[in-house]
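Each remark here refers to the structure printed beneath this line.
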Amino acid sequence: EMRKGHAKQRAAQARARKATGRPAPRRGGPKGTAELVVGRNPVYEALREGVPATTLYVQQFIDNDDRVRDALKLAADRGGVNLLEAPRAELDRMTNNLNHQGLVLQVPPYDYAHPDDLVANALDDGEDPLIVALDGVTDPRNLGAVVRSVSAFGGHGVVVPERRAAHMTAGAWKTSAGAAARTPVARATNLTRALEAYQKAGLMVVGLAADGDTELHELDALEGPVVVVVGSEGKGLSRLVGETCDLRVRIPMPGGTESLNAGVAAGVVLYEASRRRA
């Protein structure tokens with residue numbers, strides 16, 4: 001516990017910062033890339049679900065149907081979304097000739113946290129960190145579902161690798177149902193090294209695996225600082241990540257299903273963690 005960076009030592013430092021009124025340090029993370037949502041229905045759904053947006057491009061002389069009017073109203077009511085009229089040729093160029101139907105929504109780059117931020121935020125609140133890391137999960141909808149579960153069950157954030165992984169796209173925002181505005185997502189250059197850094201900070205790294213030695217209801221580690229690592233539905237955990245985990249845990253499935261997708265598996269574990277911490 002006296003080791004520099006240990007969770008309990010950082011909790012004491014956080015209490016000292018609060019006592020002196022000094023703000024907690026923030027390391028920040030990399031920016032994502034801008035994204036375009038293309039087409040009348042996708043643009044409308046993105047605006048309705050609260051996906052961040054900077055500009056709504058509208059084709060000149062567009063056929064003004066109900067979906068176009070609804071999208072324009074949502075953008076105007078939200079505020080902060082620029083409305084720009086553009087010729088069809090310009091929208092064709094922006095979208096590489098996709099079927100934009102006269103509407104293109106620009107989504108700003110996502111502001112990722114640093115993996116260390118998630119631990120620091122939890123300790124500053126006087127709580128044991130509860131973090132989910134995704135290994136090889138490439139569907140943004142699964143990422144959005146995990147973010148939603150983390151928010152619902154009192155987790156402190158999600159970590160995704162920089163490469164070969166789902167990122168915070170408009171699809172992930174929509175699936176999170178607004179939780180992405182409250183729950184930070186961090187991006188790690190190397191997931192294995194990020195997990196090792198969490199271990200040095202005193203967190204237990206628990207990997208979900210169908211062949212795990214421990215069943216979920218036996219996992220006392222959920223009551224303390226922990227990172228839950230969820231692999232892809234088909235391949236599970238990668239070799240290096242699996243070897244880094246302190247424990248490999250399985251979710252009992254008496255119904256005979258071989259595996260759960262990442263969003264469902266994370267939700268089950270987070271519920272159990274929330275129940276134990278209540």
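Each chain of the structure tokens is named A, B, ... in the order shown, its residues numbered from 1; ligands are numbered from 1 in display order.
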Q) Residues of range 155-269 of chain A in helix (DSSP H, G or I) according to DSSP, as number ranges by chain? A) A: 170-176, 179-181, 191-200, 216-218, 220-223, 239-244, 262-269
Just want the 12 Å neighbourhood of Arg164 in chain A, counted on only C-alpha atoms, with same-chain residues fewer than 4 positions away dropped. Output as a ChimeraX atom specification. /A:134-140,160,187-191,232,238
Practice item. Find the residues around Thr55 in chain A up to 10 Å (only C-alpha atoms counted), leave out those fewer than 3 positions away in its own chain, and share them as a list in words. Key: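 The neighbour list is Leu36, Pro52, Val58, Ala75, Gly80, Val81, Asn82, Leu83, Leu84, Val104, Leu105, Gln106, Val107 and Pro108 of chain A.
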* To do: Find the spatial neighbours of range 173-179 of chain A, counting only C-alpha atoms, within a cut-off of 12 Å - ignore same-chain residues fewer than 6 positions away - and output them as a PyMOL selection string.
  => chain A and resi 37+42-53+107-108+110+139-158+166-167+185+263
Picked from range 6-247 of chain A by DSSP as strand (DSSP E), as an MDAnalysis selection string: chainID A and resid 35:38 55:59 82:86 103:107 130:135 157:161 185:188 204:208 214:215 226:231 247
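In this model, the gap between CA of Pro129 in chain A and CA of Glu162 in chain A comes to 21.8 Å.
Near Glu85 in chain A, within 9 Å and counting only C-alpha atoms, sit Leu56, Tyr57, Val58, Gln59 and Gln60 of chain A, not including residues fewer than 4 positions from it in the same chain.
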- prompt: CA of Gly231 in chain A and CA of Asn261 in chain A, how far apart in Å?
  reply: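 If I compute the distance from CA of Asn261 in chain A to CA of Gly231 in chain A, I get 8.9 Å.
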Pick out the residues sitting within 12 Å of Val230 in chain A, and hand them over as a short mmCIF file (atom, residue, chain, number, x, y, z; two decimals) with all heavy atoms, in the first residue's frame; count only C-alpha atoms, and ignore anything fewer than 3 positions along from it in its own chain.
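Here's the written file out.cif:
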```cif
data_model
loop_
_atom_site.label_atom_id
_atom_site.label_comp_id
_atom_site.auth_asym_id
_atom_site.auth_seq_id
_atom_site.Cartn_x
_atom_site.Cartn_y
_atom_site.Cartn_z
N ILE A 131 -13.65 -0.41 -13.78
CA ILE A 131 -13.36 -0.05 -15.17
C ILE A 131 -13.57 -1.27 -16.06
O ILE A 131 -13.30 -2.40 -15.64
CB ILE A 131 -11.91 0.47 -15.30
CG1 ILE A 131 -11.73 1.73 -14.44
CG2 ILE A 131 -11.52 0.73 -16.74
CD1 ILE A 131 -10.27 2.13 -14.25
N VAL A 132 -14.04 -1.04 -17.27
CA VAL A 132 -14.17 -2.11 -18.26
C VAL A 132 -13.20 -1.83 -19.40
O VAL A 132 -13.18 -0.71 -19.94
CB VAL A 132 -15.61 -2.21 -18.81
CG1 VAL A 132 -15.68 -3.24 -19.93
CG2 VAL A 132 -16.57 -2.60 -17.70
N ALA A 133 -12.39 -2.82 -19.76
CA ALA A 133 -11.49 -2.72 -20.91
C ALA A 133 -11.97 -3.68 -21.99
O ALA A 133 -12.37 -4.82 -21.68
CB ALA A 133 -10.06 -3.06 -20.50
N LEU A 134 -11.96 -3.25 -23.23
CA LEU A 134 -12.43 -4.06 -24.35
C LEU A 134 -11.25 -4.51 -25.19
O LEU A 134 -10.43 -3.68 -25.61
CB LEU A 134 -13.43 -3.27 -25.21
CG LEU A 134 -14.68 -2.78 -24.47
CD1 LEU A 134 -15.61 -2.05 -25.44
CD2 LEU A 134 -15.41 -3.93 -23.80
N ASP A 135 -11.18 -5.81 -25.44
CA ASP A 135 -10.06 -6.40 -26.19
C ASP A 135 -10.59 -7.04 -27.46
O ASP A 135 -11.22 -8.09 -27.42
CB ASP A 135 -9.37 -7.46 -25.31
CG ASP A 135 -8.24 -8.16 -26.03
OD1 ASP A 135 -7.63 -7.54 -26.92
OD2 ASP A 135 -7.97 -9.33 -25.70
N GLY A 136 -10.37 -6.39 -28.59
CA GLY A 136 -10.78 -6.96 -29.87
C GLY A 136 -12.25 -6.77 -30.20
O GLY A 136 -12.78 -7.43 -31.09
N VAL A 137 -12.93 -5.88 -29.49
CA VAL A 137 -14.34 -5.59 -29.79
C VAL A 137 -14.37 -4.51 -30.87
O VAL A 137 -13.91 -3.39 -30.66
CB VAL A 137 -15.08 -5.11 -28.53
CG1 VAL A 137 -16.51 -4.69 -28.86
CG2 VAL A 137 -15.08 -6.22 -27.48
N THR A 138 -14.92 -4.85 -32.03
CA THR A 138 -14.84 -3.96 -33.18
C THR A 138 -16.18 -3.33 -33.58
O THR A 138 -16.21 -2.47 -34.45
CB THR A 138 -14.29 -4.73 -34.40
OG1 THR A 138 -15.11 -5.87 -34.66
CG2 THR A 138 -12.85 -5.19 -34.14
N ASN A 142 -21.57 -2.41 -29.80
CA ASN A 142 -21.17 -3.09 -28.56
C ASN A 142 -20.47 -2.13 -27.61
O ASN A 142 -20.69 -2.17 -26.40
CB ASN A 142 -20.25 -4.27 -28.89
CG ASN A 142 -20.98 -5.59 -28.95
OD1 ASN A 142 -22.02 -5.76 -28.34
ND2 ASN A 142 -20.46 -6.53 -29.71
N LEU A 143 -19.62 -1.27 -28.16
CA LEU A 143 -18.96 -0.27 -27.33
C LEU A 143 -20.00 0.64 -26.67
O LEU A 143 -19.93 0.91 -25.47
CB LEU A 143 -17.97 0.55 -28.16
CG LEU A 143 -17.37 1.78 -27.47
CD1 LEU A 143 -16.65 1.42 -26.19
CD2 LEU A 143 -16.42 2.51 -28.44
N VAL A 146 -21.71 -1.14 -23.83
CA VAL A 146 -20.85 -1.25 -22.64
C VAL A 146 -20.81 0.09 -21.90
O VAL A 146 -20.90 0.13 -20.67
CB VAL A 146 -19.43 -1.70 -23.04
CG1 VAL A 146 -18.48 -1.60 -21.85
CG2 VAL A 146 -19.46 -3.13 -23.56
N VAL A 158 -14.49 3.30 -19.59
CA VAL A 158 -14.19 2.20 -20.52
C VAL A 158 -12.86 2.50 -21.19
O VAL A 158 -12.56 3.66 -21.52
CB VAL A 158 -15.30 2.08 -21.59
CG1 VAL A 158 -15.00 0.94 -22.56
CG2 VAL A 158 -16.66 1.87 -20.93
N VAL A 159 -12.06 1.45 -21.39
CA VAL A 159 -10.78 1.58 -22.09
C VAL A 159 -10.83 0.77 -23.37
O VAL A 159 -11.24 -0.40 -23.35
CB VAL A 159 -9.59 1.09 -21.22
CG1 VAL A 159 -8.28 1.25 -21.98
CG2 VAL A 159 -9.55 1.87 -19.91
N VAL A 160 -10.43 1.38 -24.48
CA VAL A 160 -10.37 0.67 -25.76
C VAL A 160 -8.96 0.82 -26.33
O VAL A 160 -8.29 1.83 -26.09
CB VAL A 160 -11.40 1.22 -26.77
CG1 VAL A 160 -12.81 0.98 -26.27
CG2 VAL A 160 -11.18 2.70 -27.05
N LEU A 191 -2.96 -1.94 -25.10
CA LEU A 191 -3.87 -2.36 -24.02
C LEU A 191 -3.14 -3.16 -22.96
O LEU A 191 -3.40 -2.99 -21.76
CB LEU A 191 -5.02 -3.17 -24.60
CG LEU A 191 -6.09 -3.61 -23.59
CD1 LEU A 191 -6.72 -2.41 -22.91
CD2 LEU A 191 -7.16 -4.46 -24.27
N VAL A 205 -6.89 -7.13 -12.30
CA VAL A 205 -7.30 -7.25 -13.69
C VAL A 205 -7.97 -8.60 -13.89
O VAL A 205 -7.33 -9.64 -13.72
CB VAL A 205 -6.10 -7.08 -14.65
CG1 VAL A 205 -6.54 -7.28 -16.10
CG2 VAL A 205 -5.48 -5.69 -14.48
N VAL A 206 -9.25 -8.57 -14.23
CA VAL A 206 -10.06 -9.78 -14.34
C VAL A 206 -10.52 -9.93 -15.79
O VAL A 206 -11.16 -9.05 -16.34
CB VAL A 206 -11.29 -9.70 -13.41
CG1 VAL A 206 -12.20 -10.90 -13.64
CG2 VAL A 206 -10.85 -9.62 -11.97
N GLY A 207 -10.16 -11.04 -16.42
CA GLY A 207 -10.57 -11.30 -17.79
C GLY A 207 -11.75 -12.25 -17.85
O GLY A 207 -11.78 -13.25 -17.12
N LEU A 208 -12.72 -11.96 -18.71
CA LEU A 208 -13.85 -12.86 -18.91
C LEU A 208 -13.47 -13.90 -19.96
O LEU A 208 -13.03 -13.55 -21.06
CB LEU A 208 -15.09 -12.09 -19.36
CG LEU A 208 -15.67 -11.08 -18.38
CD1 LEU A 208 -16.99 -10.53 -18.92
CD2 LEU A 208 -15.88 -11.70 -17.01
N ALA A 209 -13.63 -15.17 -19.61
CA ALA A 209 -13.26 -16.25 -20.52
C ALA A 209 -14.17 -17.45 -20.27
O ALA A 209 -14.47 -17.78 -19.11
CB ALA A 209 -11.79 -16.64 -20.33
N ALA A 210 -14.58 -18.09 -21.36
CA ALA A 210 -15.47 -19.24 -21.23
C ALA A 210 -14.82 -20.37 -20.45
O ALA A 210 -15.51 -21.17 -19.81
CB ALA A 210 -15.90 -19.72 -22.62
N VAL A 227 -10.42 -3.98 -12.84
CA VAL A 227 -10.63 -3.78 -14.28
C VAL A 227 -11.18 -5.09 -14.84
O VAL A 227 -10.56 -6.14 -14.68
CB VAL A 227 -9.31 -3.44 -15.01
CG1 VAL A 227 -9.59 -3.13 -16.49
CG2 VAL A 227 -8.61 -2.27 -14.36
N GLU A 233 -16.62 -11.59 -29.20
CA GLU A 233 -17.52 -12.72 -29.07
C GLU A 233 -16.95 -13.98 -29.73
O GLU A 233 -17.12 -15.09 -29.23
CB GLU A 233 -18.87 -12.37 -29.72
CG GLU A 233 -19.93 -13.44 -29.54
CD GLU A 233 -21.28 -12.99 -30.05
OE1 GLU A 233 -21.41 -11.82 -30.43
OE2 GLU A 233 -22.20 -13.82 -30.08
N GLY A 234 -16.24 -13.81 -30.83
CA GLY A 234 -15.73 -14.99 -31.54
C GLY A 234 -14.42 -15.51 -30.99
O GLY A 234 -14.27 -16.71 -30.73
N LYS A 235 -13.44 -14.61 -30.76
CA LYS A 235 -12.09 -15.03 -30.38
C LYS A 235 -11.82 -14.93 -28.89
O LYS A 235 -10.82 -15.48 -28.41
CB LYS A 235 -11.07 -14.20 -31.16
CG LYS A 235 -11.15 -14.38 -32.67
CD LYS A 235 -10.10 -13.54 -33.37
CE LYS A 235 -10.17 -13.72 -34.88
NZ LYS A 235 -9.18 -12.87 -35.58
N GLY A 236 -12.63 -14.21 -28.15
CA GLY A 236 -12.36 -14.03 -26.73
C GLY A 236 -11.16 -13.12 -26.51
O GLY A 236 -10.87 -12.23 -27.31
N LEU A 237 -10.45 -13.35 -25.42
CA LEU A 237 -9.29 -12.53 -25.10
C LEU A 237 -8.10 -12.89 -25.98
O LEU A 237 -7.88 -14.06 -26.29
CB LEU A 237 -8.90 -12.71 -23.63
CG LEU A 237 -9.95 -12.35 -22.58
CD1 LEU A 237 -9.44 -12.73 -21.19
CD2 LEU A 237 -10.29 -10.87 -22.64
N SER A 238 -7.33 -11.87 -26.37
CA SER A 238 -6.09 -12.16 -27.09
C SER A 238 -5.08 -12.79 -26.14
O SER A 238 -5.21 -12.72 -24.92
CB SER A 238 -5.52 -10.86 -27.69
OG SER A 238 -5.18 -9.96 -26.66
N VAL A 241 -3.17 -10.32 -23.66
CA VAL A 241 -4.08 -9.75 -22.67
C VAL A 241 -4.50 -10.83 -21.68
O VAL A 241 -4.55 -10.62 -20.46
CB VAL A 241 -5.31 -9.12 -23.36
CG1 VAL A 241 -6.40 -8.81 -22.34
CG2 VAL A 241 -4.90 -7.86 -24.09
N GLY A 242 -4.81 -12.03 -22.18
CA GLY A 242 -5.20 -13.12 -21.30
C GLY A 242 -4.11 -13.48 -20.31
O GLY A 242 -4.39 -13.77 -19.13
N CYS A 245 -3.91 -10.93 -17.34
CA CYS A 245 -4.99 -10.91 -16.34
C CYS A 245 -4.57 -11.64 -15.06
O CYS A 245 -3.92 -12.69 -15.11
CB CYS A 245 -6.25 -11.56 -16.91
SG CYS A 245 -7.01 -10.62 -18.26
N ARG A 248 -9.00 -15.26 -14.51
CA ARG A 248 -9.87 -15.50 -15.66
C ARG A 248 -11.19 -16.05 -15.12
O ARG A 248 -11.21 -17.07 -14.42
CB ARG A 248 -9.23 -16.47 -16.65
CG ARG A 248 -8.00 -15.87 -17.35
CD ARG A 248 -7.18 -16.94 -18.06
NE ARG A 248 -7.93 -17.62 -19.09
CZ ARG A 248 -7.96 -17.25 -20.36
NH1 ARG A 248 -7.27 -16.19 -20.76
NH2 ARG A 248 -8.66 -17.93 -21.27
N VAL A 249 -12.26 -15.37 -15.43
CA VAL A 249 -13.56 -15.64 -14.82
C VAL A 249 -14.57 -16.01 -15.90
O VAL A 249 -14.56 -15.44 -16.99
CB VAL A 249 -14.05 -14.40 -14.03
CG1 VAL A 249 -15.43 -14.63 -13.46
CG2 VAL A 249 -13.06 -14.06 -12.93
N ARG A 250 -15.45 -16.94 -15.57
CA ARG A 250 -16.50 -17.32 -16.52
C ARG A 250 -17.87 -16.98 -15.93
O ARG A 250 -18.07 -16.98 -14.72
CB ARG A 250 -16.44 -18.81 -16.85
CG ARG A 250 -16.75 -19.74 -15.70
CD ARG A 250 -16.61 -21.20 -16.13
NE ARG A 250 -16.99 -22.13 -15.06
CZ ARG A 250 -16.18 -22.54 -14.11
NH1 ARG A 250 -14.92 -22.10 -14.10
NH2 ARG A 250 -16.59 -23.37 -13.19
N ILE A 251 -18.79 -16.69 -16.83
CA ILE A 251 -20.18 -16.44 -16.45
C ILE A 251 -20.94 -17.75 -16.65
O ILE A 251 -21.03 -18.24 -17.78
CB ILE A 251 -20.80 -15.33 -17.32
CG1 ILE A 251 -20.03 -14.03 -17.13
CG2 ILE A 251 -22.28 -15.14 -16.97
CD1 ILE A 251 -20.49 -12.91 -18.06
N SER A 259 -21.44 -18.33 -25.77
CA SER A 259 -20.83 -17.04 -25.44
C SER A 259 -21.88 -15.94 -25.50
O SER A 259 -22.95 -16.11 -26.09
CB SER A 259 -19.68 -16.71 -26.41
OG SER A 259 -20.18 -16.57 -27.74
N LEU A 260 -21.56 -14.82 -24.87
CA LEU A 260 -22.40 -13.63 -24.90
C LEU A 260 -21.65 -12.53 -25.64
O LEU A 260 -20.42 -12.51 -25.64
CB LEU A 260 -22.72 -13.16 -23.48
CG LEU A 260 -23.43 -14.15 -22.56
CD1 LEU A 260 -23.47 -13.59 -21.14
CD2 LEU A 260 -24.83 -14.43 -23.06
N ASN A 261 -22.38 -11.61 -26.26
CA ASN A 261 -21.65 -10.51 -26.88
C ASN A 261 -21.11 -9.59 -25.79
O ASN A 261 -21.49 -9.68 -24.61
CB ASN A 261 -22.50 -9.76 -27.91
CG ASN A 261 -23.65 -8.97 -27.29
OD1 ASN A 261 -23.54 -8.44 -26.19
ND2 ASN A 261 -24.74 -8.87 -28.02
N ALA A 262 -20.22 -8.70 -26.19
CA ALA A 262 -19.48 -7.90 -25.20
C ALA A 262 -20.41 -7.05 -24.36
O ALA A 262 -20.22 -6.92 -23.14
CB ALA A 262 -18.46 -7.01 -25.93
N GLY A 263 -21.43 -6.46 -24.98
CA GLY A 263 -22.33 -5.59 -24.24
C GLY A 263 -23.09 -6.34 -23.16
O GLY A 263 -23.21 -5.87 -22.02
N VAL A 264 -23.59 -7.53 -23.48
CA VAL A 264 -24.34 -8.32 -22.50
C VAL A 264 -23.42 -8.83 -21.41
O VAL A 264 -23.74 -8.76 -20.21
CB VAL A 264 -25.07 -9.48 -23.20
CG1 VAL A 264 -25.74 -10.39 -22.18
CG2 VAL A 264 -26.09 -8.96 -24.19
N ALA A 265 -22.25 -9.36 -21.78
CA ALA A 265 -21.32 -9.90 -20.79
C ALA A 265 -20.88 -8.83 -19.80
O ALA A 265 -20.85 -9.04 -18.58
CB ALA A 265 -20.10 -10.50 -21.49
N ALA A 266 -20.55 -7.65 -20.32
CA ALA A 266 -20.15 -6.56 -19.43
C ALA A 266 -21.28 -6.16 -18.50
O ALA A 266 -21.06 -5.90 -17.31
CB ALA A 266 -19.69 -5.36 -20.25
N GLY A 267 -22.51 -6.13 -19.01
CA GLY A 267 -23.65 -5.77 -18.18
C GLY A 267 -23.86 -6.73 -17.03
O GLY A 267 -24.16 -6.33 -15.90
N VAL A 268 -23.69 -8.04 -17.29
CA VAL A 268 -23.86 -9.05 -16.24
C VAL A 268 -22.83 -8.84 -15.13
O VAL A 268 -23.16 -8.86 -13.93
CB VAL A 268 -23.74 -10.47 -16.84
CG1 VAL A 268 -23.69 -11.52 -15.74
CG2 VAL A 268 -24.90 -10.75 -17.79
N VAL A 269 -21.57 -8.65 -15.51
CA VAL A 269 -20.51 -8.49 -14.51
C VAL A 269 -20.68 -7.17 -13.74
O VAL A 269 -20.50 -7.12 -12.52
CB VAL A 269 -19.13 -8.54 -15.18
CG1 VAL A 269 -18.02 -8.31 -14.15
CG2 VAL A 269 -18.93 -9.88 -15.87
N LEU A 270 -21.05 -6.11 -14.45
CA LEU A 270 -21.22 -4.82 -13.78
C LEU A 270 -22.38 -4.85 -12.79
O LEU A 270 -22.32 -4.22 -11.73
CB LEU A 270 -21.44 -3.73 -14.83
CG LEU A 270 -20.19 -3.34 -15.62
CD1 LEU A 270 -20.56 -2.58 -16.88
CD2 LEU A 270 -19.22 -2.53 -14.76
#
```
